[in-house]
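Student: You'll find entry_12.pdb just under this line, and it carries PDB, C-alpha atoms.
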```
ATOM      1  CA  MET A  17      -1.840  -3.242  53.076
ATOM      2  CA  THR A  18      -4.594  -2.727  50.545
ATOM      3  CA  LYS A  19      -4.299  -4.178  47.072
ATOM      4  CA  THR A  20      -5.253  -1.890  44.251
ATOM      5  CA  ARG A  21      -6.084  -2.947  40.760
ATOM      6  CA  ARG A  22      -4.634  -1.063  37.836
ATOM      7  CA  GLY A  23      -7.561   0.136  35.809
ATOM      8  CA  PRO A  24      -7.627  -0.091  32.025
ATOM      9  CA  ILE A  25      -6.887   3.624  31.628
ATOM     10  CA  ARG A  26      -3.989   3.595  34.041
ATOM     11  CA  ALA A  27      -2.577   0.435  32.400
ATOM     12  CA  ALA A  28      -2.774   2.100  28.965
ATOM     13  CA  VAL A  29      -0.988   5.301  30.034
ATOM     14  CA  PRO A  30       2.517   3.912  29.265
ATOM     15  CA  LEU A  31       1.324   3.014  25.755
ATOM     16  CA  ILE A  32       0.107   6.535  24.959
ATOM     17  CA  PRO A  33       3.587   8.003  24.250
ATOM     18  CA  ALA A  34       4.450   5.039  22.017
ATOM     19  CA  ALA A  35       1.189   5.342  20.098
ATOM     20  CA  ALA A  36       1.607   9.106  19.779
ATOM     21  CA  LEU A  37       5.145   8.667  18.519
ATOM     22  CA  ALA A  38       4.023   6.051  15.987
ATOM     23  CA  ALA A  39       1.176   8.273  14.767
ATOM     24  CA  LEU A  40       3.523  11.225  14.504
ATOM     25  CA  ALA A  41       6.005   9.146  12.505
ATOM     26  CA  VAL A  42       3.251   8.140  10.063
ATOM     27  CA  LEU A  43       2.123  11.732   9.662
ATOM     28  CA  VAL A  44       5.587  13.192   9.286
ATOM     29  CA  THR A  45       6.919  10.580   6.884
ATOM     30  CA  GLY A  46       3.842   9.829   4.853
ATOM     31  CA  CYS A  47       1.383  12.689   4.758
ATOM     32  CA  GLY A  48       3.383  15.870   4.328
ATOM     33  CA  ALA A  49       4.349  17.863   1.288
ATOM     34  CA  ASP A  50       7.361  17.373  -0.969
ATOM     35  CA  ALA A  51       9.779  17.416   1.978
ATOM     36  CA  ASP A  52       8.682  13.913   2.963
ATOM     37  CA  ARG A  53       9.144  12.426  -0.447
ATOM     38  CA  ASP A  54      12.208  10.724  -1.740
ATOM     39  CA  GLY A  55      12.540  12.864  -4.856
ATOM     40  CA  ASP A  56      10.372  10.844  -7.228
ATOM     41  CA  GLY A  57       6.937  12.015  -6.063
ATOM     42  CA  ARG A  58       6.293   8.904  -4.020
ATOM     43  CA  PRO A  59       5.875   8.862  -0.241
ATOM     44  CA  GLU A  60       8.632   7.404   1.877
ATOM     45  CA  SER A  61       8.149   4.304   3.988
ATOM     46  CA  ALA A  62       5.828   5.521   6.698
ATOM     47  CA  GLY A  63       5.180   1.976   7.898
ATOM     48  CA  ARG A  64       8.828   1.311   8.615
ATOM     49  CA  ALA A  65       9.030   4.616  10.482
ATOM     50  CA  ALA A  66       6.003   3.722  12.603
ATOM     51  CA  LEU A  67       7.339   0.256  13.342
ATOM     52  CA  ALA A  68      10.712   1.759  14.201
ATOM     53  CA  ALA A  69       8.973   4.154  16.585
ATOM     54  CA  ASP A  70       7.406   1.152  18.309
ATOM     55  CA  ALA A  71      10.779  -0.569  18.461
ATOM     56  CA  GLY A  72      12.376   2.563  19.907
ATOM     57  CA  THR A  73      10.088   2.414  22.926
ATOM     58  CA  GLY A  74      11.319  -1.037  23.850
ATOM     59  CA  ALA A  75       7.772  -2.358  23.561
ATOM     60  CA  THR A  76       6.986  -5.320  21.342
ATOM     61  CA  PRO A  77       4.245  -4.249  18.944
ATOM     62  CA  ASP A  78       1.314  -6.606  18.926
ATOM     63  CA  LYS A  79      -0.228  -7.966  15.718
ATOM     64  CA  ALA A  80      -3.075  -5.460  15.734
ATOM     65  CA  ARG A  81      -0.729  -2.494  16.003
ATOM     66  CA  ILE A  82       1.551  -3.894  13.308
ATOM     67  CA  ALA A  83      -1.446  -4.417  11.033
ATOM     68  CA  GLU A  84      -2.631  -0.861  11.698
ATOM     69  CA  ASN A  85       0.835   0.531  10.965
ATOM     70  CA  VAL A  86       1.050  -1.422   7.714
ATOM     71  CA  LYS A  87      -2.450  -0.319   6.723
ATOM     72  CA  SER A  88      -1.704   3.332   7.529
ATOM     73  CA  ALA A  89       1.551   3.347   5.599
ATOM     74  CA  LEU A  90       0.007   1.587   2.616
ATOM     75  CA  GLU A  91      -3.013   3.908   2.684
ATOM     76  CA  VAL A  92      -0.688   6.875   2.125
ATOM     77  CA  ARG A  93       0.593   5.270  -1.075
ATOM     78  CA  ILE A  94      -2.846   4.141  -2.187
ATOM     79  CA  SER A  95      -4.370   7.591  -1.666
ATOM     80  CA  THR A  96      -1.480   9.256  -3.475
ATOM     81  CA  GLY A  97      -1.842   6.852  -6.392
ATOM     82  CA  GLU A  98      -5.597   7.258  -6.583
ATOM     83  CA  GLY A  99      -5.233  11.026  -6.523
ATOM     84  CA  ARG A 100      -2.684  10.931  -9.306
ATOM     85  CA  PHE A 101      -4.055   8.153 -11.545
ATOM     86  CA  GLY A 102      -7.591   7.348 -10.423
ATOM     87  CA  SER A 103      -8.833   3.883  -9.593
ATOM     88  CA  GLY A 104     -11.168   1.298 -11.079
ATOM     89  CA  THR A 105     -13.099   2.694 -14.038
ATOM     90  CA  HIS A 106     -11.422   6.078 -13.478
ATOM     91  CA  SER A 107      -7.933   4.606 -13.978
ATOM     92  CA  PRO A 108      -6.104   5.103 -17.259
ATOM     93  CA  CYS A 109      -5.643   1.309 -17.198
ATOM     94  CA  ALA A 110      -9.356   0.491 -17.103
ATOM     95  CA  SER A 111     -10.208  -1.618 -20.141
ATOM     96  CA  SER A 112     -12.763   1.002 -21.223
ATOM     97  CA  SER A 113     -10.243   3.847 -20.981
ATOM     98  CA  PRO A 114      -8.842   5.373 -24.182
ATOM     99  CA  LYS A 115      -5.539   5.649 -22.269
ATOM    100  CA  VAL A 116      -5.112   1.920 -21.609
ATOM    101  CA  PHE A 117      -2.387   1.652 -24.293
ATOM    102  CA  THR A 118      -0.526   4.837 -23.337
ATOM    103  CA  GLU A 119       2.381   5.866 -21.114
ATOM    104  CA  GLU A 120      -0.161   7.217 -18.614
ATOM    105  CA  CYS A 121      -1.331   3.668 -17.937
ATOM    106  CA  GLY A 122       2.325   2.600 -17.943
ATOM    107  CA  GLU A 123       3.065   5.120 -15.199
ATOM    108  CA  ALA A 124       0.012   3.955 -13.241
ATOM    109  CA  ALA A 125       1.247   0.369 -13.606
ATOM    110  CA  ASP A 126       4.693   1.392 -12.325
ATOM    111  CA  TYR A 127       3.234   3.201  -9.327
ATOM    112  CA  THR A 128       0.818   0.384  -8.540
ATOM    113  CA  ARG A 129       3.652  -2.132  -8.788
ATOM    114  CA  GLU A 130       5.756  -0.075  -6.381
ATOM    115  CA  ALA A 131       2.817   0.092  -3.948
ATOM    116  CA  ALA A 132       2.458  -3.692  -4.210
ATOM    117  CA  ARG A 133       6.167  -4.207  -3.590
ATOM    118  CA  PHE A 134       6.007  -1.767  -0.680
ATOM    119  CA  ALA A 135       3.207  -3.870   0.820
ATOM    120  CA  LEU A 136       5.256  -7.044   0.331
ATOM    121  CA  ASP A 137       8.270  -5.440   2.011
ATOM    122  CA  GLU A 138       6.142  -4.291   4.940
ATOM    123  CA  ILE A 139       4.586  -7.704   5.566
ATOM    124  CA  ASP A 140       7.677  -9.803   4.856
ATOM    125  CA  GLY A 141       8.054 -12.377   7.619
ATOM    126  CA  ARG A 142       4.821 -11.383   9.362
ATOM    127  CA  SER A 143       1.790 -13.606   9.778
ATOM    128  CA  GLY A 144      -1.787 -12.451   9.318
ATOM    129  CA  PHE A 145      -1.441 -10.818   5.896
ATOM    130  CA  ALA A 146      -2.307 -13.681   3.524
ATOM    131  CA  THR A 147      -4.808 -11.702   1.451
ATOM    132  CA  LEU A 148      -2.595  -8.634   1.193
ATOM    133  CA  GLY A 149       0.368 -10.808   0.177
ATOM    134  CA  THR A 150      -1.622 -12.624  -2.510
ATOM    135  CA  THR A 151      -3.042  -9.355  -3.835
ATOM    136  CA  ALA A 152       0.323  -7.610  -3.901
ATOM    137  CA  ARG A 153       1.991 -10.506  -5.739
ATOM    138  CA  LYS A 154      -0.852 -10.552  -8.294
ATOM    139  CA  LEU A 155      -0.470  -6.796  -8.871
ATOM    140  CA  ASP A 156       3.296  -7.052  -9.159
ATOM    141  CA  LYS A 157       2.928  -9.766 -11.807
ATOM    142  CA  ALA A 158       0.182  -7.902 -13.722
ATOM    143  CA  ALA A 159       2.198  -4.672 -13.880
ATOM    144  CA  ALA A 160       5.284  -6.582 -15.041
ATOM    145  CA  THR A 161       3.233  -8.362 -17.718
ATOM    146  CA  TYR A 162       1.751  -5.060 -18.900
ATOM    147  CA  HIS A 163       5.272  -3.712 -19.437
ATOM    148  CA  ASP A 164       6.702  -6.950 -20.865
ATOM    149  CA  LEU A 165       3.978  -6.961 -23.519
ATOM    150  CA  GLY A 166       4.758  -3.342 -24.467
ATOM    151  CA  CYS A 167       1.200  -2.278 -23.740
ATOM    152  CA  ALA A 168       2.115   1.353 -22.983
ATOM    153  CA  LYS A 169       3.526   1.710 -26.507
ATOM    154  CA  ASN A 170       0.124   1.343 -28.219
ATOM    155  CA  PRO A 171       0.596  -2.068 -29.860
ATOM    156  CA  ALA A 172      -1.009  -2.311 -33.298
ATOM    157  CA  ALA A 173      -1.728  -6.051 -33.438
ATOM    158  CA  ALA A 174      -5.178  -7.033 -32.194
ATOM    159  CA  ASP A 175      -3.874 -10.079 -30.312
ATOM    160  CA  ALA A 176      -1.251  -7.948 -28.512
ATOM    161  CA  ARG A 177      -3.881  -5.385 -27.533
ATOM    162  CA  LYS A 178      -6.164  -8.143 -26.273
ATOM    163  CA  ALA A 179      -3.327  -9.642 -24.205
ATOM    164  CA  CYS A 180      -2.815  -6.236 -22.552
ATOM    165  CA  LEU A 181      -6.382  -5.905 -21.296
ATOM    166  CA  ASP A 182      -6.232  -8.466 -18.469
ATOM    167  CA  PRO A 183      -3.087  -7.134 -16.753
ATOM    168  CA  ALA A 184      -4.278  -3.549 -17.294
ATOM    169  CA  ALA A 185      -7.604  -4.378 -15.607
ATOM    170  CA  VAL A 186      -5.771  -5.858 -12.611
ATOM    171  CA  VAL A 187      -3.671  -2.682 -12.363
ATOM    172  CA  ALA A 188      -6.787  -0.482 -12.650
ATOM    173  CA  GLN A 189      -8.351  -2.289  -9.683
ATOM    174  CA  GLY A 190      -5.046  -2.470  -7.803
ATOM    175  CA  PHE A 191      -5.411   0.350  -5.301
ATOM    176  CA  SER A 192      -8.831  -0.857  -4.181
ATOM    177  CA  ASP A 193      -7.594  -4.440  -3.914
ATOM    178  CA  LEU A 194      -4.544  -3.377  -1.881
ATOM    179  CA  ARG A 195      -6.798  -1.411   0.471
ATOM    180  CA  ASP A 196      -9.077  -4.432   0.888
ATOM    181  CA  GLY A 197      -6.057  -6.639   1.584
ATOM    182  CA  ALA A 198      -4.749  -4.200   4.191
ATOM    183  CA  ASN A 199      -8.181  -4.052   5.839
ATOM    184  CA  LEU A 200      -8.306  -7.845   5.986
ATOM    185  CA  GLY A 201      -4.838  -7.745   7.524
ATOM    186  CA  LEU A 202      -6.414  -5.959  10.480
ATOM    187  CA  ALA A 203      -8.482  -9.108  10.970
ATOM    188  CA  GLY A 204      -5.434 -11.343  10.531
ATOM    189  CA  LYS A 205      -6.498 -12.625   7.105
TER     190      LYS A 205
END
```
Could you spell out this file's structure in structure tokens?

Tutor:
Amino acid sequence: MTKTRRGPIRAAVPLIPAAALAALAVLVTGCGADADRDGDGRPESAGRAALAADAGTGATPDKARIAENVKSALEVRISTGEGRFGSGTHSPCASSSPKVFTEECGEAADYTREAARFALDEIDGRSGFATLGTTARKLDKAAATYHDLGCAKNPAAADARKACLDPAAVVAQGFSDLRDGANLGLAGK
């Protein structure tokens, strides 16, 4: 009897349907038109769908695949937010923006906060996402502070306006920081 060794391609063949199903779940739940949205213009949880697809195959997803699923799902939200509000100096929350004390920045803060909370939900109980967790908590706090201070209502007092600038700047940089955190998650950081 001759022993044969399973080659790397043959060993990966059982994983192809699971990976295809996970990719399809991400595309269907996160990248489509209004049909894949939950009524408020925000994408549904593509990461949970992809992880569920992995679970449905009976295979235990490894850390790299989990990190990729989280990154892919978060990227949908980040890209949607950047397309709608801009990012960095192009954000209505940038300290140099004339819109920093308007409802437009308030809406950007809300969306960024939801993206941060989404990230926290996706990584809850998982190791290897320290940077993403820290970033998401910082964004959540900054967006809450922006609203608590009434920054979107164009405060008149100079000290109130000054207090709004730091949390607004964190929100303006939020999508980029979340993306960086997700990318570091791929490296287990």

Student: Could you pull the residues within 10 Å of Ala158 in chain A, counting only C-alpha atoms, minus those fewer than 6 positions along the same chain, as a ChimeraX atom specification?

Tutor: /A:125,128-129,152,164,180,182-187,190

Student: The PyMOL selection byres ((chain A and resi 105) around 12) on the file shown: which residues, as an mmCIF file with C-alpha atoms, in the coordinates of the input?

Tutor:
```
data_model
loop_
_atom_site.group_PDB
_atom_site.id
_atom_site.type_symbol
_atom_site.label_atom_id
_atom_site.label_comp_id
_atom_site.auth_asym_id
_atom_site.auth_seq_id
_atom_site.Cartn_x
_atom_site.Cartn_y
_atom_site.Cartn_z
ATOM 1 C CA GLU A 98 -5.597 7.258 -6.583
ATOM 2 C CA PHE A 101 -4.055 8.153 -11.545
ATOM 3 C CA GLY A 102 -7.591 7.348 -10.423
ATOM 4 C CA SER A 103 -8.833 3.883 -9.593
ATOM 5 C CA GLY A 104 -11.168 1.298 -11.079
ATOM 6 C CA HIS A 106 -11.422 6.078 -13.478
ATOM 7 C CA SER A 107 -7.933 4.606 -13.978
ATOM 8 C CA PRO A 108 -6.104 5.103 -17.259
ATOM 9 C CA CYS A 109 -5.643 1.309 -17.198
ATOM 10 C CA ALA A 110 -9.356 0.491 -17.103
ATOM 11 C CA SER A 111 -10.208 -1.618 -20.141
ATOM 12 C CA SER A 112 -12.763 1.002 -21.223
ATOM 13 C CA SER A 113 -10.243 3.847 -20.981
ATOM 14 C CA PRO A 114 -8.842 5.373 -24.182
ATOM 15 C CA LYS A 115 -5.539 5.649 -22.269
ATOM 16 C CA VAL A 116 -5.112 1.920 -21.609
ATOM 17 C CA ALA A 184 -4.278 -3.549 -17.294
ATOM 18 C CA ALA A 185 -7.604 -4.378 -15.607
ATOM 19 C CA VAL A 186 -5.771 -5.858 -12.611
ATOM 20 C CA VAL A 187 -3.671 -2.682 -12.363
ATOM 21 C CA ALA A 188 -6.787 -0.482 -12.650
ATOM 22 C CA GLN A 189 -8.351 -2.289 -9.683
ATOM 23 C CA GLY A 190 -5.046 -2.470 -7.803
ATOM 24 C CA PHE A 191 -5.411 0.350 -5.301
ATOM 25 C CA SER A 192 -8.831 -0.857 -4.181
#
```

Student: Could you tell me how far CA of Ala173 in chain A sits from CA of Asp126 in chain A, in Å to one decimal place?

Tutor: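 CA of Ala173 in chain A lies 23.3 Å from CA of Asp126 in chain A.
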
Student: Nearest to Phe117 in chain A: which of A:Leu200, A:Leu165, A:Leu194, A:Val86 is it, counting all atoms listed in the file?

Tutor: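 Using all atoms listed in the file, Phe117 in chain A sits closest to A:Leu165.
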
Student: Given the file shown, enumerate the residues that the PyMOL selection byres ((chain A and resi 149) around 12) captures and present them as a PDB file with C-alpha atoms, in the frame of the given file.

Tutor:
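Written out: result.pdb:
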```pdb
ATOM      1  CA  ALA A 131       2.817   0.092  -3.948  1.00  0.00           C
ATOM      2  CA  ALA A 132       2.458  -3.692  -4.210  1.00  0.00           C
ATOM      3  CA  ARG A 133       6.167  -4.207  -3.590  1.00  0.00           C
ATOM      4  CA  PHE A 134       6.007  -1.767  -0.680  1.00  0.00           C
ATOM      5  CA  ALA A 135       3.207  -3.870   0.820  1.00  0.00           C
ATOM      6  CA  LEU A 136       5.256  -7.044   0.331  1.00  0.00           C
ATOM      7  CA  ASP A 137       8.270  -5.440   2.011  1.00  0.00           C
ATOM      8  CA  GLU A 138       6.142  -4.291   4.940  1.00  0.00           C
ATOM      9  CA  ILE A 139       4.586  -7.704   5.566  1.00  0.00           C
ATOM     10  CA  ASP A 140       7.677  -9.803   4.856  1.00  0.00           C
ATOM     11  CA  GLY A 141       8.054 -12.377   7.619  1.00  0.00           C
ATOM     12  CA  ARG A 142       4.821 -11.383   9.362  1.00  0.00           C
ATOM     13  CA  SER A 143       1.790 -13.606   9.778  1.00  0.00           C
ATOM     14  CA  GLY A 144      -1.787 -12.451   9.318  1.00  0.00           C
ATOM     15  CA  PHE A 145      -1.441 -10.818   5.896  1.00  0.00           C
ATOM     16  CA  ALA A 146      -2.307 -13.681   3.524  1.00  0.00           C
ATOM     17  CA  THR A 147      -4.808 -11.702   1.451  1.00  0.00           C
ATOM     18  CA  LEU A 148      -2.595  -8.634   1.193  1.00  0.00           C
ATOM     19  CA  THR A 150      -1.622 -12.624  -2.510  1.00  0.00           C
ATOM     20  CA  THR A 151      -3.042  -9.355  -3.835  1.00  0.00           C
ATOM     21  CA  ALA A 152       0.323  -7.610  -3.901  1.00  0.00           C
ATOM     22  CA  ARG A 153       1.991 -10.506  -5.739  1.00  0.00           C
ATOM     23  CA  LYS A 154      -0.852 -10.552  -8.294  1.00  0.00           C
ATOM     24  CA  LEU A 155      -0.470  -6.796  -8.871  1.00  0.00           C
ATOM     25  CA  ASP A 156       3.296  -7.052  -9.159  1.00  0.00           C
ATOM     26  CA  ASP A 193      -7.594  -4.440  -3.914  1.00  0.00           C
ATOM     27  CA  LEU A 194      -4.544  -3.377  -1.881  1.00  0.00           C
ATOM     28  CA  ARG A 195      -6.798  -1.411   0.471  1.00  0.00           C
ATOM     29  CA  ASP A 196      -9.077  -4.432   0.888  1.00  0.00           C
ATOM     30  CA  GLY A 197      -6.057  -6.639   1.584  1.00  0.00           C
ATOM     31  CA  ALA A 198      -4.749  -4.200   4.191  1.00  0.00           C
ATOM     32  CA  LEU A 200      -8.306  -7.845   5.986  1.00  0.00           C
ATOM     33  CA  GLY A 201      -4.838  -7.745   7.524  1.00  0.00           C
ATOM     34  CA  GLY A 204      -5.434 -11.343  10.531  1.00  0.00           C
ATOM     35  CA  LYS A 205      -6.498 -12.625   7.105  1.00  0.00           C
TER      36      LYS A 205
END
```

Student: Suppose you want the space between CA of Ala83 in chain A and CA of Ala124 in chain A; what is it in Å?

Tutor: 25.7 Å

Student: Pick out the closest residue to His163 in chain A from this set: A:Gly122, A:Ile94, A:Ala80, A:Ala89. Count all atoms listed in the file.

Tutor: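 Looking at the shortest contact to His163 in chain A, the residue is A:Gly122.
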
Student: So how many Å separate CA of Arg177 in chain A and CA of Glu130 in chain A, to one decimal?

Tutor: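 So the two atoms, CA of Arg177 in chain A and CA of Glu130 in chain A, lie 23.8 Å apart.
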
Student: I need the residue nearest Ala159 in chain A from this list: A:Tyr127, A:Lys178, A:Ser95, A:Ala172. Use only C-alpha atoms for the distance.

Tutor: A:Tyr127

Student: Give me, as a count of residues only, all polymer residues having an atom no more than 10 Å from Ala176 in chain A, counting all atoms listed in the file and skipping those fewer than 5 positions away in the same chain.

Tutor: 6

Student: Rank nothing, just name the residue among A:Asp175, A:Asn199, A:Lys169, A:Thr161 nearest to Leu90 in chain A, using only C-alpha atoms.

Tutor: A:Asn199
